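Reviewing the structure listed below.
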Amino acid sequence: MRFAIGETDFLLDGEPHRVLSGAIHYFRVHPDLWQDRIRKAKLMGLNTVETYVAWNAHAPRPGVFDLTGGLDLGRFLDLVAAEGMHAIVRPGPYICAEWTNGGLPYWLFADGTVGVRRNEPGFLAAVREYLEHLAPVLVPRQIDQGGPIVLVQVENEYGAYGSDASYLRELEAMHRAVGLTVPFTSVDQPMDSMLEDGSLPSLHKTGSFGSRSTARLERLRQAQPTGPLMCSEFWDGWFDSWGEHHHTTPASASASDLDDLLAAGGSVNIYMFHGGTNFGFTNGANDKGVYRPIATSYDYDAPLDEAGRPTAKFHAFRAVIERYAPVPPLPESMREGGSGRLETYDDRSGREARVTPATDLAVRLDRVASLRSLLPTLTDWSTHDEPPTFDALGAASGFVLYRTEVDLPTGGVLTVGTEVRDRAVVSVDGVVVGVLEREHHDRAIALPPVVGTLELLVEDQGRVDYGPRIGEPKGLIGGVAVDGVPLARWSASPLALDPIAPAALSALADVVPTGGDVLAGPVVAAGSFDLATADDRYLSLDGFRKGVAWVNGFCLGRYWSRGPQKTLAVPGPVLRAGRNEVVVLELHAAASRTVCLLAEPDLGHTEA
């Protein structure tokens with residue numbers, strides 16, 4: 001088959017074809033759930049699935065490129081093809097996506113010599129190697145080779161960042177050089193000169209917007225007089241940041257804008273169809289004068305929620321799509337009021353098994369150990385004259401513990417030279433004295449009298465994913481001083497938390513259960529629970545303040561009492577029938593030692 005760009009339409013084997021696509025990021029969804037999410041996209045009436053490719057997820061360290069397990073992009077695309085659907089792939093190299101560092105590997109910029117998103121030899125050489133790793137996955141899966149891929153996007157909203165046409169030409173040439181032959185696209189907001197600055201005449205321009213569809217398409221047509229109109233990011237919701245409300249958009253308003261888009265003859269990629277979750281430490285952040293880390297949930301108020309269930313928006317969008325294209329019949333469980341589950345659907349008989357609804361379950365964390373006591377299982381210390389960055393230590397994300405000996409019989413004022421990136425819990429001889437937060441532009445804290453050990457537990461809360469601060473290092477930037485005198489002779493170590501070190505789990509297993517109703521942090525607490533069946537659950541940490549949680553060794557991500565989200569998604573495939581283990585790292589204090597596994601998620605308060 002052949003897919004091409006015609007004068008007014010996309011052409012599939014020479015016939016006009018409308019792309020009805022929805023975004024599913026394979027790296028935000030447990031791989032055992034990929035098929036379920038893809039099938040539900042088809043049931044909404046979509047004929048295409050779009051995904052970014054997160055370069056830094058595949059290349060966590062120099063010389064490594066991982067395409068296994070949850071990063072098996074080839075398997076994800078094969079599942080798309082198995083549903084009879086097409087695929088759009090957006091390999092970047094920059095993707096934004098509210099993903100840490102916008103998808104760019106941190107190590108690429110560690111020595112400060114490599115350019116960011118520009119025509120610079122070091123950056124382009126790394127991109128070339130990245131595309132060469134992707135080529136064996138993407139090239140044979142193009143539609144003209146019998147696969148599902150119909151479009152590949154070059155860069156991502158580049159017009160909002162720069163206007164370097166030579167950089168875009170180099171990227172386009174590299175994509176072609178590895179064997180990609182399908183049409184190439186660009187995407188930008190139809191505002192100001194972004195469409196022109198972010199593309200080339202050889203790239204088909206598409207728009208990104210979530211409202212005023214008719215006016216946005218008119219601006220797109222001004223920038224590109226011929227070819228099919230396409231919104232390749234139709235924003236049907238929005239992401240959440242810690243400390244804000246859970247973003248929602250009315251289903252009726254989004255459906256009306258989608259109707260306007262399709263009535264104008266446009267093609268669409270719904271961003272997101274299913275958002276998923278920023279498991280582990282993968283969330284990004286924004287910094288437009290104030291640093292704002294992205295929440296763990298990436299529900300996005302999408303047609304398919306974080307739990308994989310159809311929402312009112314799913315049914316509203318399906319009703320709109322039905323006016324322009326055939327849609328398949330919905331199984332009973334997918335109709336309004338149904339369970340939304342397809343995991344037990346039997347394709348051979350056409351019948352659905354009845355599923356017993358999950359019930360809420362309280363779990364007591366009865367094994368407690370201070371973080372300090374577990375450090376031998378989590379650390380690999382090195383010594384330095386001044387605090388090294390995360391990047392210098394080879395730490396992509398998570399936590400680094402900095403330690404030095406001080407002699408301050410009358411106390412003093414500790415200052416960080418330039419910036420804390422992003423949050424530091426400050427302790428003296430194991431006693432917490434305060435917190436330095438990047439969001440508050442904190443750089444100084446008073447220390448009590450101490451002759452002993454000073455520690456700063458620094459958390460990377462998400463690398464900036466948009467704008468000029470992409471690629472910046474993490475840690476204690478600019479050195480540390482007390483009363484203006486620099487502190488030297490530091491020990492530093494990343495903490496082995498994602499995945500959590502097996503030795504730490506073994507040490508927790510040996511802890512004798514204790515009583516008590518509260519936790520004083522930094523502390524690690526564990527508890528066991530039994531399940532009859534392994535269904536999707538949602539971990540509630542009511543009464544806890546801030547930290548990280550794991551179930552059966554799988555890092556669910558960060559929690560924070562400031563919200564908005566109140567639960568962490570626990571994918572069914574992570575659980576097992578029988579005995580399960582939950583582990584929590586609480587950085588501060590908890591008013592309870594009981595967590596709850598809920599049957600329903602709670603993403604927090606909305607603006608209304």
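Labels used: A, B, ... for chains in the order of the structure tokens, numbers from 1 for residues in each chain, and numbers from 1 for ligands as shown.
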Task: Distance query A:Asp407 at most 8 Å, only C-alpha atoms, self and fewer than 4 positions along chain excluded, as a list in words - done: Val450, Val451 and Gly452 of chain A
Just-selected residues, N, CA and C atoms written as an mmCIF file, in the first residue's frame:
```cif
data_model
loop_
_atom_site.group_PDB
_atom_site.id
_atom_site.type_symbol
_atom_site.label_atom_id
_atom_site.label_comp_id
_atom_site.auth_asym_id
_atom_site.auth_seq_id
_atom_site.Cartn_x
_atom_site.Cartn_y
_atom_site.Cartn_z
ATOM 1 N N VAL A 450 26.190 22.805 65.294
ATOM 2 C CA VAL A 450 26.444 21.403 64.972
ATOM 3 C C VAL A 450 27.934 21.189 64.752
ATOM 4 N N VAL A 451 28.437 20.142 65.318
ATOM 5 C CA VAL A 451 29.774 19.639 65.000
ATOM 6 C C VAL A 451 29.552 18.193 64.602
ATOM 7 N N GLY A 452 29.418 17.971 63.320
ATOM 8 C CA GLY A 452 29.069 16.637 62.852
ATOM 9 C C GLY A 452 28.721 16.636 61.376
#
```
Enumerate, in order of chain and increasing residue number, the residues of stretch 379-426 of chain A with an atom no farther than 12 Å from stretch 109-130 of chain A, each with its shortest atom pair and distance in Å to one decimal, counting only C-alpha atoms, as JSON lines.
```
{"residue": "A:Pro388", "atom": "CA", "partner": "A:Ala110", "partner_atom": "CA", "distance": 11.4}
{"residue": "A:Thr389", "atom": "CA", "partner": "A:Ala110", "partner_atom": "CA", "distance": 9.1}
{"residue": "A:Phe390", "atom": "CA", "partner": "A:Ala110", "partner_atom": "CA", "distance": 9.3}
{"residue": "A:Asp391", "atom": "CA", "partner": "A:Ala110", "partner_atom": "CA", "distance": 5.7}
{"residue": "A:Ala392", "atom": "CA", "partner": "A:Ala110", "partner_atom": "CA", "distance": 6.6}
{"residue": "A:Leu393", "atom": "CA", "partner": "A:Ala110", "partner_atom": "CA", "distance": 9.8}
{"residue": "A:Gly394", "atom": "CA", "partner": "A:Ala110", "partner_atom": "CA", "distance": 9.0}
{"residue": "A:Ala395", "atom": "CA", "partner": "A:Ala110", "partner_atom": "CA", "distance": 10.7}
{"residue": "A:Ala396", "atom": "CA", "partner": "A:Ala110", "partner_atom": "CA", "distance": 10.5}
```
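Closest approach to A:Ala319 among A:Thr453, A:Val425, A:Gly45, A:Tyr161 is made by A:Gly45 (distances from only C-alpha atoms).
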Task: Best match for closeness to A:Thr282 among A:Thr100, A:Thr48, A:Ser540, A:Thr383, counting only C-alpha atoms - done: A:Thr100
Task: Every residue of stretch 124-157 of chain A that DSSP places in strand (DSSP E or B), as a list in words - done: Gln142, Ile149, Val150, Leu151, Val152 and Gln153 of chain A
Could you take the residues named above and write them with N, CA and C atoms, as a short mmCIF file (atom, residue, chain, number, x, y, z; two decimals), in the first residue's frame?
```cif
data_model
loop_
_atom_site.label_atom_id
_atom_site.label_comp_id
_atom_site.auth_asym_id
_atom_site.auth_seq_id
_atom_site.Cartn_x
_atom_site.Cartn_y
_atom_site.Cartn_z
N GLN A 142 6.74 0.54 7.92
CA GLN A 142 6.09 1.56 7.12
C GLN A 142 5.02 0.93 6.23
N ILE A 149 2.76 2.24 9.71
CA ILE A 149 3.18 3.64 9.80
C ILE A 149 2.88 4.39 8.51
N VAL A 150 2.10 5.49 8.66
CA VAL A 150 1.73 6.28 7.48
C VAL A 150 2.38 7.66 7.50
N LEU A 151 2.72 8.19 8.66
CA LEU A 151 3.32 9.51 8.78
C LEU A 151 4.41 9.49 9.85
N VAL A 152 5.46 10.28 9.64
CA VAL A 152 6.51 10.48 10.64
C VAL A 152 6.70 11.98 10.81
N GLN A 153 6.69 12.43 12.05
CA GLN A 153 6.88 13.85 12.32
C GLN A 153 8.34 14.15 12.61
#
```
